[in-house]
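Okay, coords.cif now, which holds mmCIF, C-alpha atoms:
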```
data_structure
#
loop_
_atom_site.label_atom_id
_atom_site.label_comp_id
_atom_site.auth_asym_id
_atom_site.auth_seq_id
_atom_site.Cartn_x
_atom_site.Cartn_y
_atom_site.Cartn_z
CA MET Q 1 55.72 142.66 -37.98
CA SER Q 2 52.93 141.05 -36.03
CA SER Q 3 51.29 143.03 -33.22
CA ASP Q 4 52.96 141.14 -30.39
CA LEU Q 5 56.37 141.79 -31.95
CA ASN Q 6 55.48 145.45 -32.40
CA ARG Q 7 54.97 145.85 -28.66
CA PHE Q 8 58.03 143.81 -27.65
CA PRO Q 9 60.50 146.16 -25.93
CA PHE Q 10 63.61 145.28 -27.93
CA PRO Q 11 66.47 146.48 -25.71
CA LEU Q 12 69.54 146.79 -27.96
CA GLU Q 13 70.32 150.27 -29.24
CA GLU Q 14 73.91 149.71 -30.32
CA ASP Q 15 75.86 146.96 -32.12
CA SER Q 16 78.29 146.41 -29.26
CA PHE Q 17 77.96 145.41 -25.63
CA ARG Q 18 78.72 147.81 -22.82
CA TYR Q 19 77.20 148.72 -19.48
CA THR Q 20 75.45 152.08 -19.55
CA ASN Q 21 72.97 153.98 -17.47
CA ASN Q 22 70.45 153.80 -20.27
CA SER Q 23 67.68 155.39 -18.22
CA VAL Q 24 65.37 157.82 -19.96
CA PRO Q 25 62.47 159.90 -18.61
CA LEU Q 26 59.33 157.78 -18.47
CA GLU Q 27 56.72 159.12 -20.88
CA PRO Q 28 53.87 158.89 -20.11
CA PRO Q 29 54.77 158.64 -16.37
CA VAL Q 30 52.84 155.40 -15.79
CA CYS Q 31 54.25 152.54 -13.77
CA VAL Q 32 52.07 149.60 -14.76
CA ASP Q 33 51.40 148.13 -18.16
CA VAL Q 34 48.50 145.71 -18.68
CA THR Q 35 49.31 143.44 -21.62
CA ALA Q 36 47.59 140.56 -23.41
CA GLU Q 37 49.39 138.17 -21.03
CA TYR Q 38 47.78 139.74 -17.94
CA LYS Q 39 45.47 136.93 -16.84
CA GLU Q 40 48.01 134.18 -17.44
CA GLU Q 41 50.81 136.02 -15.61
CA ILE Q 42 48.65 137.10 -12.66
CA LYS Q 43 47.51 133.50 -12.26
CA LEU Q 44 51.13 132.33 -12.20
CA LYS Q 45 52.15 135.12 -9.84
CA ARG Q 46 49.43 134.28 -7.31
CA LEU Q 47 50.29 130.58 -7.48
CA LEU Q 48 53.95 131.32 -6.74
CA LEU Q 49 53.01 133.64 -3.86
CA GLU Q 50 50.83 130.93 -2.38
CA GLN Q 51 53.35 128.12 -2.81
CA HIS Q 52 56.58 130.04 -2.07
CA PRO Q 53 55.77 133.05 0.10
CA GLU Q 54 59.21 133.00 1.73
CA ARG Q 55 61.00 133.58 -1.54
CA CYS Q 56 58.42 135.80 -3.29
CA TYR Q 57 57.73 138.37 -0.58
CA ARG Q 58 60.00 140.05 1.97
CA SER Q 59 59.76 143.31 3.88
CA LEU Q 60 61.32 145.13 6.79
CA PRO Q 61 58.89 146.72 9.28
CA HIS Q 62 59.85 150.34 8.61
CA THR Q 63 58.61 150.10 4.99
CA TYR Q 64 54.89 149.95 5.84
CA GLU Q 65 54.14 153.62 5.05
CA ALA Q 66 56.08 153.44 1.79
CA GLN Q 67 54.06 150.36 0.88
CA ARG Q 68 50.88 152.36 1.42
CA GLU Q 69 52.23 154.99 -0.95
CA VAL Q 70 52.72 152.27 -3.57
CA VAL Q 71 49.08 151.22 -3.15
CA ASP Q 72 47.93 154.82 -3.63
CA LEU Q 73 50.11 155.26 -6.71
CA LEU Q 74 49.08 152.00 -8.39
CA THR Q 75 45.36 152.05 -7.60
CA ASN Q 76 45.22 155.62 -8.94
CA GLU Q 77 47.05 154.60 -12.09
CA LEU Q 78 45.12 151.42 -12.77
CA SER Q 79 41.73 153.12 -12.43
CA ARG Q 80 42.87 156.12 -14.50
CA GLU Q 81 44.68 154.28 -17.31
CA TYR Q 82 42.45 151.20 -17.54
CA PRO Q 83 38.98 152.29 -16.31
CA GLN Q 84 37.40 149.42 -18.25
CA PHE Q 85 39.25 146.92 -16.02
CA PHE Q 86 39.80 148.67 -12.69
CA THR Q 87 37.83 151.03 -10.45
CA MET Q 88 38.85 152.60 -7.19
CA GLU Q 89 37.13 154.51 -4.40
CA ARG Q 90 39.10 156.10 -1.61
CA THR Q 91 37.72 156.99 1.81
CA LYS Q 92 39.53 158.29 4.87
CA ASN Q 93 40.53 154.87 6.17
CA LYS Q 94 40.53 152.57 3.18
CA THR Q 95 40.73 152.16 -0.55
CA LEU Q 96 38.12 149.97 -2.23
CA PHE Q 97 39.43 148.48 -5.46
CA GLN Q 98 37.72 146.39 -8.10
CA ASN Q 99 39.60 144.28 -10.64
CA ARG Q 100 37.26 143.13 -13.39
CA LEU Q 101 39.92 141.02 -15.08
CA THR Q 102 40.21 138.74 -12.05
CA ASN Q 103 36.77 139.45 -10.54
CA ASP Q 104 38.33 140.61 -7.28
CA PHE Q 105 37.20 143.22 -4.80
CA GLU Q 106 39.93 144.43 -2.48
CA SER Q 107 39.84 146.67 0.55
CA PHE Q 108 43.21 148.23 1.27
CA ASN Q 109 43.24 149.15 4.95
CA ARG Q 110 45.55 148.88 7.94
CA SER Q 111 43.86 145.80 9.36
CA HIS Q 112 44.23 143.69 6.21
CA PRO Q 113 46.25 140.54 6.94
CA GLN Q 114 48.50 141.06 3.91
CA GLU Q 115 50.97 143.91 3.80
CA PRO Q 116 50.03 146.62 1.24
CA LEU Q 117 52.85 145.83 -1.21
CA ASN Q 118 52.02 142.13 -1.13
CA GLN Q 119 48.34 142.92 -1.68
CA ILE Q 120 48.63 145.36 -4.62
CA GLY Q 121 51.35 143.28 -6.29
CA ARG Q 122 48.75 140.57 -6.94
CA HIS Q 123 46.99 142.90 -9.40
CA VAL Q 124 49.93 143.93 -11.59
CA GLN Q 125 52.24 141.95 -13.85
CA GLU Q 126 55.25 143.87 -12.57
CA ASP Q 127 57.52 142.74 -9.76
CA LEU Q 128 57.65 145.53 -7.17
CA LEU Q 129 60.72 146.45 -5.13
CA LEU Q 130 61.04 149.19 -2.53
CA LEU Q 131 64.33 150.98 -1.99
CA THR Q 132 64.69 152.99 1.18
CA GLN Q 133 67.05 155.97 1.12
CA ARG Q 134 68.87 156.73 4.37
CA ASP Q 135 72.30 157.86 5.52
CA GLY Q 136 73.36 158.52 1.93
CA GLU Q 137 72.65 154.98 0.77
CA LEU Q 138 69.87 152.99 -0.91
CA TYR Q 139 68.65 149.74 0.65
CA LEU Q 140 66.39 147.04 -0.74
CA ASP Q 141 63.99 146.89 2.19
CA ALA Q 142 60.85 145.30 0.70
CA GLY Q 143 59.80 143.47 -2.41
CA GLN Q 144 57.32 141.20 -4.09
CA LEU Q 145 59.37 139.26 -6.61
CA CYS Q 146 57.89 136.37 -8.57
CA PHE Q 147 59.83 136.58 -11.83
CA PRO Q 148 63.48 137.11 -10.89
CA SER Q 149 66.36 136.51 -13.24
CA ASN Q 150 68.56 134.27 -11.13
CA TRP Q 151 68.66 136.21 -7.86
CA SER Q 152 67.18 135.80 -4.42
CA LEU Q 153 65.05 138.44 -2.72
CA ALA Q 154 65.39 136.45 0.51
CA PHE Q 155 69.17 136.88 0.44
CA ASN Q 156 69.22 140.47 -0.85
CA ILE Q 157 66.66 141.88 1.60
CA GLY Q 158 68.10 144.73 3.68
CA MET Q 159 71.11 144.99 1.37
CA ALA Q 160 72.73 148.21 0.19
CA PHE Q 161 72.46 149.03 -3.54
CA LYS Q 162 76.20 148.70 -4.14
CA ILE Q 163 76.44 145.34 -2.37
CA ILE Q 164 73.48 143.96 -4.36
CA HIS Q 165 75.57 144.43 -7.51
CA ASP Q 166 78.68 142.73 -6.12
CA PRO Q 167 78.21 139.62 -8.34
CA VAL Q 168 77.91 141.60 -11.61
CA PRO Q 169 81.24 141.29 -13.45
CA GLY Q 170 82.77 144.56 -14.54
CA LEU Q 171 80.11 146.65 -12.82
CA SER Q 172 80.37 146.05 -9.11
CA ARG Q 173 83.42 148.23 -8.44
CA SER Q 174 83.03 150.57 -11.39
CA ARG Q 175 82.46 154.30 -11.40
CA LEU Q 176 79.35 153.64 -13.46
CA LEU Q 177 77.64 151.85 -10.59
CA GLU Q 178 78.33 154.80 -8.30
CA LYS Q 179 76.96 157.16 -10.97
CA ILE Q 180 73.80 155.05 -11.24
CA ARG Q 181 73.40 155.02 -7.45
CA LYS Q 182 73.69 158.80 -7.27
CA PHE Q 183 71.33 159.14 -10.22
CA ILE Q 184 68.65 157.11 -8.42
CA MET Q 185 69.13 159.11 -5.23
CA ARG Q 186 68.44 162.32 -7.16
CA ILE Q 187 65.18 161.12 -8.74
CA GLU Q 188 62.40 163.58 -7.96
CA PRO Q 189 58.72 162.94 -7.23
CA GLY Q 190 56.61 163.13 -10.38
CA LYS Q 191 59.61 162.58 -12.66
CA PRO Q 192 59.99 158.81 -13.07
CA TRP Q 193 62.62 157.11 -15.20
CA THR Q 194 62.76 153.89 -17.15
CA ARG Q 195 65.40 151.58 -18.58
CA LYS Q 196 65.61 148.15 -20.19
CA ASN Q 197 67.78 145.29 -19.02
CA TRP Q 198 68.21 142.06 -20.97
CA SER Q 199 69.47 138.52 -20.64
CA LEU Q 200 68.70 135.15 -22.23
CA THR Q 201 66.74 132.28 -20.76
CA VAL Q 202 65.80 128.79 -21.86
CA ASP Q 203 62.12 128.22 -22.66
CA HIS Q 204 59.23 130.52 -21.89
CA GLN Q 205 59.80 130.66 -18.14
CA LEU Q 206 59.32 133.87 -16.18
CA ASN Q 207 60.12 132.49 -12.74
CA THR Q 208 63.83 131.75 -12.66
CA PRO Q 209 64.80 132.42 -9.03
CA LEU Q 210 68.16 131.50 -7.59
CA GLU Q 211 66.32 129.13 -5.26
CA THR Q 212 65.47 126.77 -8.15
CA LEU Q 213 68.59 127.26 -10.28
CA THR Q 214 69.45 123.58 -10.02
CA SER Q 215 66.18 122.79 -11.79
CA TRP Q 216 65.85 125.40 -14.59
CA GLY Q 217 69.62 125.84 -15.02
CA LYS Q 218 69.96 122.24 -16.27
CA LYS Q 219 68.07 123.13 -19.43
CA ARG Q 220 71.02 125.20 -20.65
CA LYS Q 221 72.85 121.98 -21.45
CA GLU Q 222 70.01 120.83 -23.72
CA ILE Q 223 70.55 123.66 -26.22
CA THR Q 224 71.84 122.82 -29.71
CA SER Q 225 72.14 124.90 -32.86
CA GLU Q 226 68.98 123.11 -34.08
CA ASN Q 227 66.73 123.99 -31.12
CA ALA Q 228 68.29 127.32 -30.04
CA GLY Q 229 65.85 129.46 -32.04
CA ASP Q 230 62.80 127.93 -30.42
CA ARG Q 231 64.08 127.37 -26.91
CA ILE Q 232 66.28 130.35 -26.15
CA HIS Q 233 64.30 133.46 -25.31
CA LEU Q 234 65.36 137.06 -25.18
CA ARG Q 235 64.35 138.18 -21.70
CA VAL Q 236 63.78 141.91 -21.33
CA GLU Q 237 63.05 143.68 -18.09
CA VAL Q 238 61.38 147.07 -18.43
CA GLN Q 239 62.41 148.72 -15.19
CA LYS Q 240 60.80 151.90 -13.86
CA LEU Q 241 61.86 154.11 -10.98
CA PHE Q 242 59.43 156.30 -9.06
CA ARG Q 243 60.19 158.56 -6.11
CA LEU Q 244 57.50 158.25 -3.42
CA PRO Q 245 57.12 161.79 -2.06
CA ALA Q 246 55.91 161.15 1.50
CA THR Q 247 58.52 158.59 2.56
CA ASN Q 248 61.27 159.52 0.05
CA SER Q 249 61.53 155.85 -0.92
CA ILE Q 250 61.98 154.57 -4.46
CA LEU Q 251 59.54 152.20 -6.14
CA PHE Q 252 61.46 150.01 -8.58
CA SER Q 253 59.12 148.04 -10.84
CA ILE Q 254 60.14 145.30 -13.27
CA HIS Q 255 57.93 144.11 -16.13
CA THR Q 256 59.48 141.05 -17.76
CA HIS Q 257 58.91 140.18 -21.42
CA LEU Q 258 60.04 137.04 -23.27
CA LEU Q 259 60.51 136.44 -27.00
CA PRO Q 260 61.87 133.27 -28.66
CA ILE Q 261 65.02 134.07 -30.63
CA ARG Q 262 63.53 132.65 -33.86
CA ARG Q 263 61.04 135.54 -33.85
CA LEU Q 264 63.91 137.98 -34.39
CA ARG Q 265 63.94 136.80 -38.01
CA GLU Q 266 60.75 138.81 -38.47
CA ASN Q 267 62.78 141.98 -37.92
CA PRO Q 268 66.12 141.73 -39.80
CA GLU Q 269 67.55 144.81 -38.03
CA TRP Q 270 66.88 143.29 -34.60
CA LEU Q 271 68.41 140.00 -35.73
CA ARG Q 272 71.54 141.71 -37.07
CA ARG Q 273 72.00 143.81 -33.95
CA PHE Q 274 71.46 140.87 -31.59
CA GLN Q 275 74.03 138.79 -33.45
CA SER Q 276 76.53 141.65 -33.34
CA VAL Q 277 76.10 142.17 -29.58
CA LEU Q 278 76.36 138.45 -28.90
CA HIS Q 279 79.71 138.34 -30.72
CA ASP Q 280 80.92 141.30 -28.69
CA ILE Q 281 79.84 140.27 -25.20
CA PRO Q 282 82.77 139.46 -22.83
CA SER Q 283 82.95 135.84 -21.73
CA ASN Q 284 82.60 136.63 -18.00
CA VAL Q 285 79.44 138.63 -18.71
CA ALA Q 286 78.13 135.82 -20.94
CA THR Q 287 78.66 133.41 -18.05
CA TYR Q 288 76.98 135.79 -15.58
CA LYS Q 289 73.99 136.14 -17.90
CA GLY Q 290 73.75 132.36 -18.06
CA MET Q 291 74.56 131.99 -21.76
CA GLY Q 292 78.11 130.67 -21.51
CA THR Q 293 76.97 127.05 -21.96
CA TYR Q 294 75.12 127.62 -25.22
CA LYS Q 295 76.58 130.80 -26.74
CA LYS Q 296 78.37 128.85 -29.48
CA ALA Q 297 75.23 126.90 -30.44
CA LEU Q 298 73.21 130.11 -30.48
CA LEU Q 299 75.73 131.86 -32.74
CA GLN Q 300 75.60 128.88 -35.12
CA TYR Q 301 71.82 129.14 -35.18
CA LEU Q 302 72.02 132.87 -35.92
CA GLU Q 303 74.43 132.27 -38.84
CA THR Q 304 71.84 129.94 -40.35
CA ALA Q 305 69.03 132.38 -39.64
CA PHE Q 306 70.89 135.11 -41.50
CA GLN Q 307 71.39 132.92 -44.55
CA ALA Q 308 67.73 131.89 -44.67
CA MET J 1 85.18 139.69 14.81
CA LYS J 2 85.28 142.70 17.13
CA PHE J 3 83.08 145.67 17.85
CA SER J 4 84.00 149.05 16.50
CA PHE J 5 83.16 152.18 18.45
CA VAL J 6 80.49 154.49 17.03
CA PRO J 7 80.67 157.89 18.75
CA ASN J 8 78.06 160.51 19.62
CA LYS J 9 75.16 158.25 20.53
CA ARG J 10 72.54 159.16 23.09
CA LEU J 11 72.76 155.82 24.88
CA TYR J 12 74.73 152.59 24.32
CA LEU J 13 72.70 149.41 24.72
CA LEU J 14 74.61 146.22 25.47
CA PHE J 15 72.96 142.85 24.99
CA ALA J 16 74.46 139.42 25.58
CA ASP J 17 73.23 135.87 25.93
CA GLU J 18 75.16 133.31 27.96
CA ALA J 19 77.64 132.68 25.15
CA GLY J 20 78.27 136.38 24.62
CA LEU J 21 78.71 137.46 28.24
CA GLU J 22 82.49 137.38 28.31
CA SER J 23 82.88 139.39 25.10
CA MET J 24 80.31 141.91 26.21
CA GLN J 25 81.88 142.29 29.64
CA ALA J 26 85.16 143.34 28.02
CA TRP J 27 83.39 145.78 25.68
CA ARG J 28 81.34 147.24 28.54
CA ASP J 29 84.51 147.90 30.52
CA LYS J 30 85.99 149.81 27.58
CA LEU J 31 82.90 151.98 27.14
CA ALA J 32 82.58 152.57 30.90
CA VAL J 33 86.13 153.93 31.05
CA MET J 34 85.09 156.49 28.43
CA GLY J 35 82.28 157.64 30.71
CA LEU J 36 79.53 156.84 28.21
CA PRO J 37 75.88 156.26 29.10
CA LEU J 38 75.28 152.48 29.10
CA GLU J 39 72.37 150.13 29.64
CA CYS J 40 72.75 146.36 29.73
CA HIS J 41 70.43 143.43 29.21
CA ARG J 42 71.23 139.77 29.62
CA GLY J 43 69.40 136.91 27.92
CA GLU J 44 66.49 136.63 25.54
CA LYS J 45 63.81 136.92 28.23
CA GLY J 46 62.54 140.50 28.28
CA MET J 47 64.75 141.49 25.36
CA LYS J 48 61.92 142.68 23.12
CA LYS J 49 60.38 144.83 25.85
CA TRP J 50 63.78 146.28 26.71
CA LEU J 51 64.54 147.22 23.12
CA ALA J 52 61.04 148.51 22.41
CA CYS J 53 61.22 151.15 25.16
CA GLN J 54 64.50 152.68 23.99
CA LYS J 55 64.59 156.15 22.49
CA MET J 56 65.82 157.31 19.08
CA GLY J 57 69.56 157.82 18.98
CA SER J 58 70.37 154.69 21.00
CA TYR J 59 72.99 152.31 19.63
CA LEU J 60 72.91 148.57 20.21
CA TYR J 61 75.87 146.22 20.66
CA GLY J 62 75.03 142.52 20.88
CA ALA J 63 77.06 139.39 21.56
CA ALA J 64 75.39 136.01 21.28
CA SER J 65 75.97 132.44 20.25
CA GLY J 66 76.57 132.03 16.52
CA GLU J 67 73.39 130.00 16.04
CA LYS J 68 71.18 132.62 17.69
CA VAL J 69 72.70 135.88 16.57
CA HIS J 70 70.71 136.03 13.33
CA ARG J 71 67.42 135.64 15.20
CA PHE J 72 68.37 138.41 17.65
CA ILE J 73 69.17 140.74 14.75
CA GLN J 74 65.75 140.10 13.29
CA ILE J 75 64.09 140.81 16.63
CA ALA J 76 65.94 144.14 16.84
CA GLU J 77 65.01 144.92 13.22
CA ASP J 78 61.36 144.14 13.88
CA ILE J 79 61.38 146.59 16.77
CA GLY J 80 62.82 149.30 14.55
CA PHE J 81 66.61 149.19 14.85
CA SER J 82 68.28 149.51 11.46
CA LEU J 83 71.53 147.76 10.57
CA GLU J 84 73.26 151.12 10.98
CA GLU J 85 72.12 151.29 14.59
CA MET J 86 73.58 148.02 15.82
CA GLN J 87 76.58 145.70 15.76
CA TRP J 88 76.64 142.03 16.62
CA VAL J 89 79.24 139.36 17.18
CA GLY J 90 78.53 135.67 16.95
CA ILE J 91 80.27 133.51 19.54
CA GLY J 92 80.98 129.82 19.32
CA SER J 93 81.96 128.38 16.00
CA GLY J 94 84.34 131.21 15.22
CA ASN J 95 83.51 130.59 11.57
CA PRO J 96 81.68 132.82 9.09
CA PHE J 97 78.21 131.75 8.00
CA ILE J 98 76.75 130.65 4.66
CA PHE J 99 73.23 131.26 3.34
CA CYS J 100 71.79 128.39 1.31
CA SER J 101 70.45 129.79 -1.96
CA LYS J 102 67.88 126.99 -2.20
CA CYS J 103 66.30 126.71 1.27
CA HIS J 104 67.66 129.85 3.06
CA ASN J 105 69.23 127.82 5.88
CA ILE J 106 72.15 129.63 7.53
CA GLN J 107 75.02 127.59 8.97
CA PRO J 108 78.71 128.04 9.83
CA ILE J 109 81.28 127.51 7.07
CA THR J 110 83.51 124.68 8.14
CA ASN J 111 86.00 124.87 5.29
CA ASN J 112 86.66 127.20 2.40
CA GLU J 113 85.47 124.93 -0.35
CA ALA J 114 82.11 123.23 -0.89
CA VAL J 115 79.61 123.11 1.99
CA ILE J 116 76.70 120.70 2.25
CA CYS J 117 73.53 122.43 3.45
CA LYS J 118 72.38 120.73 6.65
CA HIS J 119 68.74 121.36 5.76
CA CYS J 120 68.33 120.54 2.03
CA ARG J 121 71.65 118.70 1.42
CA LEU J 122 72.54 120.89 -1.57
CA SER J 123 76.26 121.21 -2.24
CA LEU J 124 77.14 124.92 -2.00
CA SER J 125 80.11 127.03 -3.08
CA VAL J 126 80.93 129.95 -0.82
CA THR J 127 80.69 133.19 -2.83
CA GLY J 128 82.09 136.60 -1.90
CA HIS J 129 78.58 138.07 -1.80
CA TYR J 130 77.93 139.04 1.82
CA SER J 131 74.68 140.06 3.48
CA ALA J 132 75.02 142.24 6.58
CA TYR J 133 71.35 141.53 7.32
CA HIS J 134 71.85 137.77 7.42
CA GLN J 135 75.49 138.07 8.52
CA ALA J 136 76.27 135.36 5.99
CA TYR J 137 77.86 134.75 2.61
CA LEU J 138 75.72 133.54 -0.29
CA GLY J 139 76.05 129.83 -0.94
CA TYR J 140 75.70 129.09 -4.67
CA PRO J 141 74.87 125.60 -6.01
CA SER J 142 78.17 123.90 -6.79
CA GLU J 143 76.73 120.98 -8.73
#
```

Turn the structure described in the file into structure tokens.
Amino acid sequence: MSSDLNRFPFPLEEDSFRYTNNSVPLEPPVCVDVTAEYKEEIKLKRLLLEQHPERCYRSLPHTYEAQREVVDLLTNELSREYPQFFTMERTKNKTLFQNRLTNDFESFNRSHPQEPLNQIGRHVQEDLLLLTQRDGELYLDAGQLCFPSNWSLAFNIGMAFKIIHDPVPGLSRSRLLEKIRKFIMRIEPGKPWTRKNWSLTVDHQLNTPLETLTSWGKKRKEITSENAGDRIHLRVEVQKLFRLPATNSILFSIHTHLLPIRRLRENPEWLRRFQSVLHDIPSNVATYKGMGTYKKALLQYLETAFQA
Amino acid sequence: MKFSFVPNKRLYLLFADEAGLESMQAWRDKLAVMGLPLECHRGEKGMKKWLACQKMGSYLYGAASGEKVHRFIQIAEDIGFSLEEMQWVGIGSGNPFIFCSKCHNIQPITNNEAVICKHCRLSLSVTGHYSAYHQAYLGYPSE
């Protein structure tokens, strides 16, 4: 396998489809991952934040201290894990941060015009969401979200964890969702967890927000068994959950990876497993994941790929 | 839509604009009979200052015109009231609201089928996904 395929986080561990809490302890306990796509993705992220701030960043006022905890966590990590790219110096009132990949100097302090989460998010490829825990419930109370998979931060802001999952078929009212919610609420500081979530998307497009569904969603109808391998991409979100000790909030980070389906041919086991799961996936889930329109064409493509 | 009583609060704050006065009057009378500590404020003028000086443990009831209620909720949120510390009723249209997934405009739902967004003209289907923060249902593109 080529090196980029070697580092692709292939998400399927079984031959059938089912919802699971597939979280595992995060080892090493590091939130951010700087990949070969860093410069390209940061450039896109900053462009989206500039052009669409209302859909890419939202926060409620009580999250400010938790946001500062995120800055402390990420600046520590970046300078420790990637000292060749990032340096950090902390004083009583501010954190001075240098990003050599973008040639930026940042001062994180209380008088900065951008909120801390919005400021640090411009230096990492991950989308960053903050969940506040209060009255026995988790709420999505802040987020910088540039690469969503067909959902709207603007609509979901302030929403309880269970309500956020209302649209997910077969999960919203299940016992599993309640188990996952309780699992997140028990996460301890210093013991982060990670999981992978997957869907399919047309073309190499990271930013697929609900706000522009009418534009990118049209492409689904253009898929045929001839172009499916090149145009359909496996979209994998590596999600990580960190408890922030001072505010008891949860940092939920999402690093999104894309791989054209034709590349699965380079790993026959991945190709076989993907085909098996695609056969097994319930139609309502296929529709929710956006693949209902082209599932048949994709399966035809996979049959051909197997015979090749 | 009616208020529900939340017991054991330090102080009950009652806010109403012109459209919400009648509803709030009836609710105030009910709470007063129970001998609860009440404080009232009428109209947007001075609202922020009034809310900002309240102590922890206060609970806010608000009644306002349907078009303004969302803005008032955001003002209360900005001051530090969480959604668990307040209840609001929208007066006027009597209809639930829809949130446009494209432009974020919020408007009353006038029928149960497709709705045209007044701001971006997108045809929207009313989903069952409800936001207590926006007090509106998600409108999904129906085209």

Kindly provide, as a count of residues only, the residues of chain Q having any atom no farther than 8 Å from an atom of chain J, counting only C-alpha atoms. 18

Could you spell out the hits of the PyMOL selection byres ((chain Q and resi 226) around 10) on the shown file, as a list in words? Ile223, Thr224, Ser225, Asn227, Ala228, Gly229, Asp230, Arg231, Ala297, Leu298, Gln300, Tyr301 and Thr304 of chain Q

At what distance in Å, to one decimal, does CA of Trp151 in chain Q lie from CA of Val168 in chain Q?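 Separating CA of Val168 in chain Q from CA of Trp151 in chain Q is a distance of 11.3 Å.
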
Calculated over all atoms listed in the file, which of the candidates Q:Gln307, Q:Asn207, Q:Ser59, Q:Asn267 has the smallest distance to Glu41 in chain Q?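 Result for the nearest residue to Glu41 in chain Q: Q:Asn207.
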
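Between CA of Ile98 in chain J and CA of Ile116 in chain J there is a distance of 10.2 Å.
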
One decimal, in Å: what's the spacing between CA of Glu222 in chain Q and CA of Leu44 in chain Q? 24.9 Å

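Applied to this file, the PyMOL selection byres ((chain Q and resi 117-119) around 8) selects Q:Tyr57, Q:Gln67, Q:Arg68, Q:Val70, Q:Val71, Q:Phe108, Q:Gln114, Q:Glu115, Q:Pro116, Q:Ile120, Q:Gly121, Q:Arg122, Q:His123, Q:Leu128, Q:Gly143, Q:Gln144.
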
Would you list the contacts of range 34-45 of chain J as a count of residues only, taking every protein, DNA or RNA residue within 6 Å and counting only C-alpha atoms, but skipping same-chain residues closer than 5 positions in sequence? 7

Picked residues, the PyMOL selection byres ((chain Q and resi 16) around 9), as a PyMOL selection string: chain Q and resi 12-15+17-18+273+276-281

So that I can check the surroundings of range 64-72 of chain J, please list as a list in words every protein, DNA and RNA residue that reaches within 6 Å of it, counting only C-alpha atoms and ignoring chain neighbours fewer than 3 positions away. Ala16, Asp17, Ala19, Gly20, Ile75, Gly90, Ile91 and Gly92 of chain J

Within 12 Å of range 92-100 of chain Q using all atoms listed in the file, minus same-chain residues under 6 positions, as a compact mmCIF listing (two decimals) with C-alpha atoms, in the coordinates of the input:
```txt
# COMPACT_ATOMS: atom_id res chain seq x y z
CA TYR Q 38 47.78 139.74 -17.94
CA LYS Q 39 45.47 136.93 -16.84
CA ILE Q 42 48.65 137.10 -12.66
CA ARG Q 68 50.88 152.36 1.42
CA GLU Q 69 52.23 154.99 -0.95
CA VAL Q 71 49.08 151.22 -3.15
CA ASP Q 72 47.93 154.82 -3.63
CA LEU Q 73 50.11 155.26 -6.71
CA LEU Q 74 49.08 152.00 -8.39
CA THR Q 75 45.36 152.05 -7.60
CA ASN Q 76 45.22 155.62 -8.94
CA GLU Q 77 47.05 154.60 -12.09
CA LEU Q 78 45.12 151.42 -12.77
CA SER Q 79 41.73 153.12 -12.43
CA TYR Q 82 42.45 151.20 -17.54
CA PRO Q 83 38.98 152.29 -16.31
CA GLN Q 84 37.40 149.42 -18.25
CA PHE Q 85 39.25 146.92 -16.02
CA PHE Q 86 39.80 148.67 -12.69
CA GLU Q 106 39.93 144.43 -2.48
CA SER Q 107 39.84 146.67 0.55
CA PHE Q 108 43.21 148.23 1.27
CA ASN Q 109 43.24 149.15 4.95
CA ARG Q 110 45.55 148.88 7.94
CA SER Q 111 43.86 145.80 9.36
CA HIS Q 112 44.23 143.69 6.21
CA PRO Q 116 50.03 146.62 1.24
CA GLN Q 119 48.34 142.92 -1.68
CA ILE Q 120 48.63 145.36 -4.62
CA ARG Q 122 48.75 140.57 -6.94
CA HIS Q 123 46.99 142.90 -9.40
CA VAL Q 124 49.93 143.93 -11.59
```

Distance query range 284-288 of chain Q at most 8 Å, all atoms listed in the file, self and fewer than 5 positions along chain excluded, as a ChimeraX atom specification: /Q:168-170,293,295

Selection: 8 Å around Gln87 in chain J, only C-alpha atoms, excl. self and same-chain fewer than 4 positions, as a PyMOL selection string: chain J and resi 3+60-62+83

In file coordinates, which residues lie within 12 Å of (64.8, 158.4, 24.2) using only C-alpha atoms, given as a PyMOL selection string? chain J and resi 9-13+51-59
